[in-house]
$ cat final08.cif   # mmCIF, C-alpha atoms and all ligand atoms
data_upload
#
loop_
_atom_site.label_atom_id
_atom_site.label_comp_id
_atom_site.auth_asym_id
_atom_site.auth_seq_id
_atom_site.Cartn_x
_atom_site.Cartn_y
_atom_site.Cartn_z
CA MET X 1 103.24 -20.25 -54.60
CA ALA X 2 101.30 -23.19 -53.15
CA THR X 3 102.74 -25.44 -55.85
CA ALA X 4 106.29 -24.19 -55.26
CA ARG X 5 105.97 -24.68 -51.50
CA GLU X 6 104.66 -28.21 -51.95
CA LEU X 7 107.51 -29.08 -54.33
CA ALA X 8 110.03 -27.74 -51.82
CA LEU X 9 108.44 -29.81 -49.04
CA GLN X 10 108.31 -33.02 -51.05
CA HIS X 11 111.65 -32.75 -52.90
CA SER X 12 114.14 -31.16 -50.55
CA HIS X 13 117.06 -32.18 -52.83
CA LEU X 14 115.80 -29.90 -55.64
CA LYS X 15 117.07 -26.35 -56.02
CA LEU X 16 113.89 -24.42 -56.69
CA GLY X 17 113.16 -20.93 -57.95
CA VAL X 18 109.94 -19.01 -58.70
CA VAL X 19 109.88 -16.18 -61.25
CA GLU X 20 107.10 -13.64 -60.78
CA LYS X 21 106.45 -10.71 -63.08
CA GLU X 22 105.13 -8.33 -60.42
CA ASN X 23 107.18 -6.78 -57.63
CA GLN X 24 105.05 -8.55 -54.99
CA LEU X 25 103.22 -11.86 -54.57
CA ALA X 26 99.43 -12.26 -54.94
CA PHE X 27 99.05 -9.14 -57.07
CA HIS X 28 96.42 -10.77 -59.33
CA GLN X 29 93.63 -13.30 -58.66
CA SER X 30 94.92 -14.49 -55.28
CA GLY X 31 94.83 -10.92 -53.99
CA HIS X 32 91.54 -9.97 -55.67
CA ASN X 33 89.15 -12.77 -54.83
CA SER X 34 86.19 -13.07 -52.46
CA GLY X 35 88.31 -14.51 -49.65
CA VAL X 36 86.04 -17.49 -49.08
CA ILE X 37 87.30 -20.86 -47.83
CA HIS X 38 84.88 -22.96 -49.81
CA GLY X 39 83.19 -26.02 -48.30
CA GLY X 40 82.97 -28.00 -51.57
CA ILE X 41 79.21 -27.78 -52.13
CA TYR X 42 78.99 -26.98 -55.82
CA TYR X 43 81.25 -29.32 -57.73
CA LYS X 44 80.01 -32.39 -59.56
CA PRO X 45 80.07 -35.37 -57.16
CA GLY X 46 82.94 -37.75 -57.90
CA SER X 47 84.96 -35.10 -59.73
CA LEU X 48 88.51 -34.26 -58.73
CA LYS X 49 87.45 -30.67 -57.99
CA ALA X 50 84.81 -31.92 -55.53
CA LYS X 51 87.33 -34.16 -53.78
CA LEU X 52 90.10 -31.55 -53.65
CA CYS X 53 87.79 -28.79 -52.42
CA VAL X 54 86.72 -30.75 -49.32
CA GLU X 55 90.30 -31.92 -48.66
CA GLY X 56 91.52 -28.35 -49.20
CA LEU X 57 89.03 -27.03 -46.64
CA HIS X 58 90.47 -29.23 -43.88
CA LEU X 59 94.11 -28.63 -44.94
CA SER X 60 93.54 -24.87 -45.14
CA TYR X 61 92.29 -24.56 -41.55
CA LYS X 62 95.14 -26.78 -40.32
CA TYR X 63 97.65 -24.58 -42.16
CA PHE X 64 96.12 -21.30 -40.89
CA LYS X 65 96.37 -22.57 -37.29
CA GLU X 66 99.99 -23.68 -37.74
CA GLU X 67 100.98 -20.35 -39.30
CA GLY X 68 98.86 -18.11 -37.06
CA ILE X 69 96.95 -16.71 -40.06
CA PRO X 70 93.71 -14.99 -38.99
CA TYR X 71 90.52 -16.49 -40.41
CA LYS X 72 86.84 -16.66 -39.52
CA LYS X 73 84.88 -19.90 -39.73
CA CYS X 74 81.69 -17.85 -40.06
CA GLY X 75 79.66 -20.37 -42.09
CA LYS X 76 77.59 -19.89 -45.19
CA LEU X 77 73.87 -19.87 -45.94
CA ILE X 78 72.58 -20.60 -49.43
CA VAL X 79 69.06 -19.25 -49.45
CA ALA X 80 66.04 -20.13 -51.61
CA VAL X 81 64.00 -16.94 -51.59
CA ASP X 82 60.83 -18.47 -53.06
CA ASP X 83 59.30 -21.88 -53.84
CA LYS X 84 60.64 -21.80 -57.41
CA GLU X 85 64.20 -21.98 -56.07
CA VAL X 86 63.60 -24.87 -53.68
CA GLY X 87 64.12 -27.62 -56.29
CA ARG X 88 67.57 -26.25 -57.17
CA LEU X 89 68.43 -25.84 -53.49
CA LEU X 90 67.58 -29.50 -52.83
CA ASP X 91 69.76 -30.59 -55.79
CA LEU X 92 72.56 -28.57 -54.32
CA PHE X 93 72.06 -30.13 -50.89
CA GLU X 94 72.25 -33.58 -52.46
CA ARG X 95 75.55 -32.61 -54.11
CA ALA X 96 76.91 -31.25 -50.83
CA LYS X 97 76.12 -34.55 -49.05
CA GLN X 98 77.64 -36.66 -51.85
CA ASN X 99 80.76 -34.47 -51.81
CA GLY X 100 81.20 -35.03 -48.05
CA VAL X 101 80.87 -31.34 -47.12
CA PRO X 102 81.20 -31.50 -43.32
CA ASP X 103 78.10 -30.95 -41.12
CA VAL X 104 76.04 -29.43 -43.93
CA GLU X 105 72.33 -29.03 -43.02
CA LEU X 106 69.06 -28.19 -44.74
CA ILE X 107 67.09 -25.66 -42.69
CA GLU X 108 63.55 -24.31 -42.90
CA GLY X 109 62.71 -20.66 -43.55
CA HIS X 110 61.80 -19.89 -39.90
CA ASP X 111 65.24 -21.15 -38.76
CA ILE X 112 67.21 -18.89 -41.13
CA LYS X 113 67.07 -16.07 -38.57
CA LYS X 114 68.99 -18.16 -36.03
CA TYR X 115 71.98 -17.84 -38.37
CA GLU X 116 71.30 -14.54 -40.15
CA PRO X 117 68.74 -12.38 -38.32
CA TYR X 118 68.11 -10.06 -41.29
CA CYS X 119 67.84 -12.71 -44.00
CA HIS X 120 64.51 -13.95 -45.39
CA GLY X 121 63.91 -17.14 -47.37
CA VAL X 122 61.78 -20.28 -47.60
CA LYS X 123 64.58 -22.83 -47.15
CA ALA X 124 68.37 -22.74 -46.91
CA ILE X 125 71.52 -24.82 -46.79
CA TRP X 126 73.78 -24.13 -43.81
CA SER X 127 77.48 -24.95 -44.22
CA PRO X 128 79.12 -24.24 -40.84
CA HIS X 129 82.72 -24.86 -41.96
CA THR X 130 82.78 -22.39 -44.83
CA GLY X 131 84.94 -19.46 -43.79
CA ILE X 132 86.89 -16.45 -44.90
CA VAL X 133 90.55 -15.58 -45.02
CA ASP X 134 92.87 -13.11 -46.73
CA TRP X 135 94.29 -15.27 -49.54
CA ALA X 136 96.97 -12.64 -50.29
CA LEU X 137 98.29 -13.11 -46.75
CA VAL X 138 98.14 -16.89 -47.20
CA THR X 139 100.20 -16.51 -50.40
CA GLU X 140 102.79 -14.45 -48.49
CA HIS X 141 103.07 -17.28 -45.96
CA TYR X 142 103.55 -19.83 -48.76
CA GLY X 143 106.33 -17.58 -50.09
CA LYS X 144 108.00 -17.37 -46.67
CA ASN X 145 107.80 -21.17 -46.19
CA PHE X 146 109.29 -21.64 -49.66
CA ARG X 147 112.22 -19.30 -48.93
CA ASP X 148 112.78 -20.94 -45.52
CA LEU X 149 113.04 -24.28 -47.33
CA GLY X 150 115.82 -22.85 -49.53
CA GLY X 151 113.75 -21.69 -52.52
CA SER X 152 114.41 -18.39 -54.31
CA ILE X 153 111.77 -15.96 -55.56
CA TYR X 154 112.73 -13.59 -58.39
CA LEU X 155 110.26 -10.69 -58.48
CA ASP X 156 109.96 -8.28 -61.46
CA PHE X 157 110.73 -11.18 -63.77
CA GLU X 158 108.15 -11.38 -66.52
CA VAL X 159 108.58 -14.52 -68.60
CA LYS X 160 108.65 -13.48 -72.24
CA ASP X 161 109.99 -16.66 -73.79
CA PHE X 162 111.68 -20.00 -73.27
CA SER X 163 114.56 -21.45 -75.26
CA LEU X 164 116.78 -24.51 -75.19
CA VAL X 165 120.47 -23.66 -74.89
CA GLU X 166 123.19 -25.16 -77.05
CA ASP X 167 125.63 -27.58 -75.48
CA ASP X 168 128.11 -25.10 -73.97
CA ARG X 169 130.10 -27.48 -71.76
CA ASN X 170 133.37 -25.89 -72.85
CA GLU X 171 132.42 -22.42 -71.60
CA ASN X 172 130.03 -23.34 -68.82
CA PRO X 173 130.87 -26.16 -66.36
CA ALA X 174 127.17 -26.79 -65.78
CA GLY X 175 126.99 -27.60 -69.49
CA THR X 176 123.60 -28.88 -70.57
CA ASN X 177 122.56 -29.83 -67.06
CA TYR X 178 120.39 -26.73 -67.19
CA PRO X 179 119.18 -26.69 -70.78
CA VAL X 180 116.11 -24.47 -70.42
CA ARG X 181 116.53 -20.72 -70.53
CA ILE X 182 113.68 -18.64 -69.12
CA ILE X 183 113.84 -15.26 -70.77
CA SER X 184 112.68 -11.89 -69.47
CA ASP X 185 113.57 -8.32 -70.55
CA GLY X 186 117.35 -8.14 -70.54
CA LYS X 187 117.80 -11.11 -68.22
CA SER X 188 117.36 -14.86 -68.11
CA VAL X 189 117.70 -17.82 -65.76
CA ARG X 190 118.62 -21.39 -66.63
CA CYS X 191 117.09 -24.52 -65.22
CA LYS X 192 116.43 -28.18 -65.83
CA TYR X 193 112.63 -28.23 -65.58
CA VAL X 194 109.89 -25.60 -65.79
CA LEU X 195 106.41 -25.74 -64.31
CA THR X 196 104.16 -22.85 -65.37
CA CYS X 197 101.47 -21.64 -62.93
CA GLY X 198 100.36 -18.31 -64.35
CA GLY X 199 96.76 -17.91 -63.16
CA LEU X 200 94.90 -15.98 -65.84
CA GLN X 201 98.00 -16.06 -68.07
CA SER X 202 98.25 -19.88 -67.90
CA ASP X 203 97.19 -20.43 -71.51
CA LYS X 204 99.71 -17.90 -72.84
CA LEU X 205 102.54 -19.40 -70.77
CA ALA X 206 101.55 -22.92 -71.85
CA LYS X 207 101.79 -21.82 -75.48
CA LEU X 208 105.16 -20.08 -74.93
CA SER X 209 106.55 -23.23 -73.36
CA GLY X 210 105.53 -25.31 -76.38
CA CYS X 211 102.42 -26.88 -74.81
CA ASN X 212 98.79 -26.69 -75.80
CA GLU X 213 97.09 -23.37 -74.99
CA ASP X 214 93.80 -25.20 -74.41
CA PRO X 215 91.93 -24.94 -72.15
CA ARG X 216 91.85 -21.21 -72.90
CA ILE X 217 91.28 -18.70 -70.12
CA VAL X 218 88.18 -16.48 -70.26
CA PRO X 219 88.95 -13.70 -67.76
CA PHE X 220 86.30 -12.52 -65.33
CA ARG X 221 86.57 -10.21 -62.39
CA GLY X 222 84.36 -9.75 -59.37
CA GLU X 223 83.16 -6.34 -58.28
CA TYR X 224 82.56 -5.62 -54.61
CA LEU X 225 81.15 -2.94 -52.35
CA LEU X 226 81.89 -2.61 -48.65
CA LEU X 227 79.02 -2.20 -46.21
CA LYS X 228 79.26 0.87 -44.00
CA GLN X 229 80.18 -0.01 -40.41
CA ASP X 230 76.76 1.11 -39.12
CA LYS X 231 75.16 -1.53 -41.40
CA ALA X 232 77.70 -4.26 -40.65
CA HIS X 233 75.37 -6.00 -38.16
CA LEU X 234 73.04 -6.90 -41.08
CA VAL X 235 75.29 -9.81 -42.13
CA ARG X 236 77.07 -12.26 -39.82
CA GLY X 237 78.64 -14.69 -42.26
CA ASN X 238 78.36 -15.50 -45.98
CA ILE X 239 74.95 -15.41 -47.67
CA TYR X 240 74.63 -16.75 -51.20
CA PRO X 241 71.67 -17.00 -53.54
CA VAL X 242 70.83 -20.43 -54.99
CA SER X 243 71.56 -19.21 -58.49
CA VAL X 244 75.27 -18.67 -57.83
CA LEU X 245 75.59 -22.40 -58.44
CA TYR X 246 75.36 -21.54 -62.09
CA ILE X 247 78.72 -19.76 -62.05
CA TRP X 248 80.44 -23.03 -61.30
CA SER X 249 78.33 -25.51 -63.17
CA ASP X 250 75.73 -24.83 -65.84
CA ILE X 251 77.11 -21.37 -66.73
CA ASP X 252 73.97 -19.32 -66.95
CA LEU X 253 75.61 -16.12 -65.83
CA ARG X 254 72.46 -14.07 -66.20
CA GLU X 255 71.49 -15.56 -62.86
CA CYS X 256 74.58 -14.87 -60.84
CA GLY X 257 72.92 -13.03 -57.95
CA ILE X 258 74.44 -10.99 -55.14
CA LEU X 259 76.71 -12.52 -52.50
CA TRP X 260 77.07 -11.14 -48.98
CA ILE X 261 80.53 -12.02 -47.81
CA GLN X 262 82.40 -11.45 -44.57
CA THR X 263 85.99 -10.30 -44.86
CA SER X 264 88.88 -11.20 -42.63
CA MET X 265 88.91 -7.59 -41.48
CA CYS X 266 85.82 -6.31 -39.70
CA PHE X 267 84.00 -5.41 -42.92
CA GLN X 268 81.19 -7.05 -44.85
CA LYS X 269 81.64 -7.22 -48.60
CA VAL X 270 78.81 -7.34 -51.07
CA ALA X 271 79.79 -9.01 -54.33
CA ILE X 272 77.55 -7.35 -56.86
CA ASN X 273 78.85 -8.32 -60.29
CA ILE X 274 81.06 -10.58 -62.24
CA CYS X 275 82.16 -9.19 -65.58
CA MET X 276 83.93 -10.67 -68.54
CA LEU X 277 87.15 -8.76 -69.27
CA LEU X 278 88.97 -7.65 -72.38
CA ASP X 279 92.28 -8.16 -70.59
CA SER X 280 93.09 -10.85 -67.99
CA GLU X 281 94.71 -8.47 -65.54
CA ASN X 282 92.24 -5.64 -65.64
CA HIS X 283 91.22 -5.30 -61.99
CA HIS X 284 89.54 -1.89 -62.29
CA GLY X 285 89.08 -0.70 -65.89
CA GLU X 286 86.91 -1.40 -68.92
CA ILE X 287 84.84 -4.60 -69.21
CA ALA X 288 83.76 -6.66 -72.21
CA SER X 289 80.34 -7.71 -70.97
CA PRO X 290 77.47 -6.14 -69.09
CA ALA X 291 77.44 -6.87 -65.37
CA TYR X 292 75.51 -10.02 -64.54
CA SER X 293 73.80 -9.46 -61.19
C1 LIG U 301 86.17 -12.87 -58.87
C2 LIG U 301 86.85 -14.08 -58.27
C3 LIG U 301 86.51 -14.47 -56.98
C4 LIG U 301 87.10 -15.61 -56.45
N1 LIG U 301 86.79 -15.96 -55.17
C5 LIG U 301 87.41 -17.01 -54.57
C6 LIG U 301 87.16 -17.34 -53.22
O1 LIG U 301 86.38 -16.67 -52.55
N2 LIG U 301 87.81 -18.39 -52.69
C7 LIG U 301 88.71 -19.15 -53.41
O2 LIG U 301 89.28 -20.11 -52.86
N3 LIG U 301 88.97 -18.86 -54.70
C8 LIG U 301 88.36 -17.80 -55.29
N4 LIG U 301 88.65 -17.48 -56.59
C9 LIG U 301 89.63 -18.31 -57.31
C10 LIG U 301 91.05 -18.01 -56.82
O3 LIG U 301 91.28 -16.62 -56.65
C11 LIG U 301 92.05 -18.58 -57.83
O4 LIG U 301 91.79 -19.96 -58.02
C12 LIG U 301 93.51 -18.45 -57.33
O5 LIG U 301 93.79 -17.14 -56.88
C13 LIG U 301 94.44 -18.84 -58.45
O6 LIG U 301 95.78 -18.72 -57.99
P1 LIG U 301 96.94 -18.76 -59.03
O7 LIG U 301 98.20 -18.73 -58.24
O8 LIG U 301 96.69 -19.88 -59.99
O9 LIG U 301 96.76 -17.41 -59.90
P2 LIG U 301 97.21 -15.92 -59.55
O10 LIG U 301 96.96 -15.56 -58.13
O11 LIG U 301 96.60 -15.03 -60.59
O12 LIG U 301 98.77 -15.99 -59.73
C14 LIG U 301 99.39 -16.14 -60.99
C15 LIG U 301 100.70 -15.40 -60.93
O13 LIG U 301 101.41 -15.63 -62.14
C16 LIG U 301 102.08 -14.43 -62.46
N5 LIG U 301 102.35 -14.42 -63.89
C17 LIG U 301 101.47 -14.44 -64.91
N6 LIG U 301 102.11 -14.39 -66.10
C18 LIG U 301 103.45 -14.33 -65.81
C19 LIG U 301 104.62 -14.25 -66.62
N7 LIG U 301 104.56 -14.20 -67.96
N8 LIG U 301 105.82 -14.21 -66.00
C20 LIG U 301 105.92 -14.25 -64.64
N9 LIG U 301 104.84 -14.31 -63.84
C21 LIG U 301 103.61 -14.35 -64.41
C22 LIG U 301 101.08 -13.33 -62.07
O14 LIG U 301 101.72 -12.07 -61.92
C23 LIG U 301 100.51 -13.89 -60.77
O15 LIG U 301 101.21 -13.44 -59.63
C24 LIG U 301 88.07 -16.36 -57.17
C25 LIG U 301 88.43 -15.94 -58.46
C26 LIG U 301 87.83 -14.81 -59.00
C27 LIG U 301 88.24 -14.36 -60.38
#
$ encode --input "final08.cif" --output "C-alpha cells"
Amino acid sequence: MATARELALQHSHLKLGVVEKENQLAFHQSGHNSGVIHGGIYYKPGSLKAKLCVEGLHLSYKYFKEEGIPYKKCGKLIVAVDDKEVGRLLDLFERAKQNGVPDVELIEGHDIKKYEPYCHGVKAIWSPHTGIVDWALVTEHYGKNFRDLGGSIYLDFEVKDFSLVEDDRNENPAGTNYPVRIISDGKSVRCKYVLTCGGLQSDKLAKLSGCNEDPRIVPFRGEYLLLKQDKAHLVRGNIYPVSVLYIWSDIDLRECGILWIQTSMCFQKVAINICMLLDSENHHGEIASPAYS
C-alpha cells in the first residue's frame, strides 16, 4: 500500500488500482510484525537499506503526526550481558554512528537502570528514536490516502495469472491501450502496467509475471507472548540482545535471543522465537524448523 500511495502522490494523472487477495489490508506480514519503528542500527554502512531505514524513521514519525496515528517513541536498548558480547556491541555502535542513527549513545552497565530499571548488563547501546506503532493501522491509513487520491482497491482478488490480450480494437474502444490482463478466479482486470508487491509471495508473483523468481523468499514468522499487566512495569521500551544483529546480517539464527518489545497498546510483548515456515502465510500452524531462541 505504501508503494501505491506514493505512486498516486507522484503521478496524479495515472488511474491506479490495487488488487489484494484478502478481504482486508495488512492481513499478512504488515499485520503480524513486531511493530518496531527501527532506527537503522543494523544494516551495513553505505548500503541502500541503511540509508532508507534512517530516512524512513524520520518520514514515519512525520507521517504519524500528520495522520494522527498513535505511536510511542519509547527508545531501544541493545544490551551486552557479559564481557564476551562487548566486542559485538561496539561493532554495532560503530555501524549505528556510520549509518547516522540519530542521538545513539553507548552507555555503561550502571546507567542501564536509568532507562530500564529491571535490566542488567555490562554495556548497552541506547537509541532514543526507536519506537513502536501498529503497522496494520498505518497500512489502513495508506489505503485511505490512496482512495482519497482517486485510487481503487479490489479486495478478494487473488492474482492467479497474467496474460497479454489480443488487439481487440474492433470490439473494445480501449483497444490495446490496456494490454495486460490480471486474472483471478472468474474475474479479471485490464491495465497498462503492473507492479507486483506481494510480500512473502513476491517471488511467486514475479515468476507469474514473467520475471525472475530470484531472490527467493524463505518464510519466517515471529512468535510472541504478552506480559501480564501486573508485570508490565518490568519493561519500559524495547530491549534487544546483542545477538539479534545476526538475524539481519551474518545469519547465525541459533543466536537470535529474546526481544522485549512495547506495543502501541498498553501491553509489553516478548518475542521468543523466529521459525522457518513450510508455507509463507502460516501465521499460527506447523513450522519447518526448531525455534531459535
Ligand atoms: C516476524 C517479523 C517481524 C517483523 N518486525 C518488524 C518490525 O518490528 N518493524 C518493521 O518495520 N518491520 C518488521 N518486519 C518486516 C515488515 O513486516 C515487512 O517488511 C512488511 O510488512 C512488508 O510489507 P509488504 O507490503 O511488502 O508485505 P505484506 O504485508 O505481506 O503484504 C503483501 C500483500 O500482498 C498480498 N498478496 C500476496 N500474494 C497475492 C496475490 N497472488 N494476489 C493478490 N494479493 C496478494 C498479501 O495478501 C498481502 O496483503 C517484520 C517481519 C517479520 C516476518
$ atom_distance --input "final08.cif" --atom1 "CA of Gly31 in chain X" --atom2 "CA of Lys51 in chain X"
24.4 Å
$ closest_residue --input "final08.cif" --among "X:Ile132, X:Cys197, X:Cys53, X:Val19" --to "Gly237 in chain X" --atoms "all atoms listed in the file"
X:Ile132
$ closest_residue --input "final08.cif" --among "X:Pro241, X:Gly39, X:Gly151, X:Pro45" --to "Ala4 in chain X" --atoms "only C-alpha atoms"
X:Gly151
$ residues_near_ligand --input "final08.cif" --ligand "ligand LIG 301 (chain U)" --cutoff "8 Å" --atoms "all atoms listed in the file" --output "PyMOL selection string"
chain X and resi 1-2+19-22+24-38+132+135+156-160+197-202+204-205+219-223+274
$ atom_distance --input "final08.cif" --atom1 "CA of Asp148 in chain X" --atom2 "CA of Tyr71 in chain X"
23.3 Å
$ residues_around --input "final08.cif" --residues "Pro128 in chain X" --least-positions-apart "6" --cutoff "9 Å" --atoms "only C-alpha atoms" --output "PyMOL selection string"
chain X and resi 39+73-77+102-105
$ axis_aligned_box --input "final08.cif" --around "range 146-158 of chain X" --padding-each-side "6 Å" --output "lines of an AutoDock Vina configuration file"
center_x = 112.0
center_y = -16.3
center_z = -56.0
size_x = 19.7
size_y = 28.0
size_z = 33.0
$ atom_distance --input "final08.cif" --atom1 "CA of Leu90 in chain X" --atom2 "CA of His120 in chain X"
17.5 Å
$ residues_around --input "final08.cif" --residues "Asp111 in chain X" --least-positions-apart "2" --cutoff "12 Å" --atoms "all atoms listed in the file" --output "MDAnalysis selection string"
chainID X and resid 77 79 105:109 113:126
$ closest_residue --input "final08.cif" --among "X:Ala8, X:Ala80, X:Leu227, X:Ala206" --to "Arg147 in chain X" --atoms "all atoms listed in the file"
X:Ala8
$ closest_residue --input "final08.cif" --among "X:His110, X:Arg95, X:Lys228, X:Lys84" --to "Ser47 in chain X" --atoms "all atoms listed in the file"
X:Arg95
$ closest_atom_pairs --input "final08.cif" --of "range 70-156 of chain X" --to "range 181-194 of chain X" --cutoff "12 Å" --atoms "all atoms listed in the file" --output "JSON lines"
{"residue": "X:Ser152", "atom": "CA", "partner": "X:Val189", "partner_atom": "CA", "distance": 11.9}
{"residue": "X:Ile153", "atom": "CA", "partner": "X:Val189", "partner_atom": "CA", "distance": 11.9}
{"residue": "X:Tyr154", "atom": "CA", "partner": "X:Val189", "partner_atom": "CA", "distance": 9.8}
{"residue": "X:Leu155", "atom": "CA", "partner": "X:Ser184", "partner_atom": "CA", "distance": 11.3}
{"residue": "X:Asp156", "atom": "CA", "partner": "X:Ser184", "partner_atom": "CA", "distance": 9.2}
$ write_last_selection --input "final08.cif" --atoms "C-alpha atoms" --output "mmCIF file, keeping the file's coordinate frame"
data_model
loop_
_atom_site.group_PDB
_atom_site.id
_atom_site.type_symbol
_atom_site.label_atom_id
_atom_site.label_comp_id
_atom_site.auth_asym_id
_atom_site.auth_seq_id
_atom_site.Cartn_x
_atom_site.Cartn_y
_atom_site.Cartn_z
ATOM 1 C CA SER X 152 114.410 -18.390 -54.310
ATOM 2 C CA ILE X 153 111.770 -15.960 -55.560
ATOM 3 C CA TYR X 154 112.730 -13.590 -58.390
ATOM 4 C CA LEU X 155 110.260 -10.690 -58.480
ATOM 5 C CA ASP X 156 109.960 -8.280 -61.460
#
$ closest_residue --input "final08.cif" --among "X:Asp83, X:Val138, X:His13, X:Asn23" --to "Tyr63 in chain X" --atoms "only C-alpha atoms"
X:Val138
$ residues_near_point --input "final08.cif" --point "(99.8, -17.1, -43.3)" --cutoff "7 Å" --atoms "all atoms listed in the file" --output "short mmCIF file (atom, residue, chain, number, x, y, z; two decimals) with C-alpha atoms, in the frame of the given file"
data_model
loop_
_atom_site.label_atom_id
_atom_site.label_comp_id
_atom_site.auth_asym_id
_atom_site.auth_seq_id
_atom_site.Cartn_x
_atom_site.Cartn_y
_atom_site.Cartn_z
CA PHE X 64 96.12 -21.30 -40.89
CA GLU X 67 100.98 -20.35 -39.30
CA GLY X 68 98.86 -18.11 -37.06
CA ILE X 69 96.95 -16.71 -40.06
CA LEU X 137 98.29 -13.11 -46.75
CA VAL X 138 98.14 -16.89 -47.20
CA GLU X 140 102.79 -14.45 -48.49
CA HIS X 141 103.07 -17.28 -45.96
#
$ closest_residue --input "final08.cif" --among "X:Leu164, X:Leu89, X:Leu208, X:Leu149" --to "Leu16 in chain X" --atoms "all atoms listed in the file"
X:Leu149
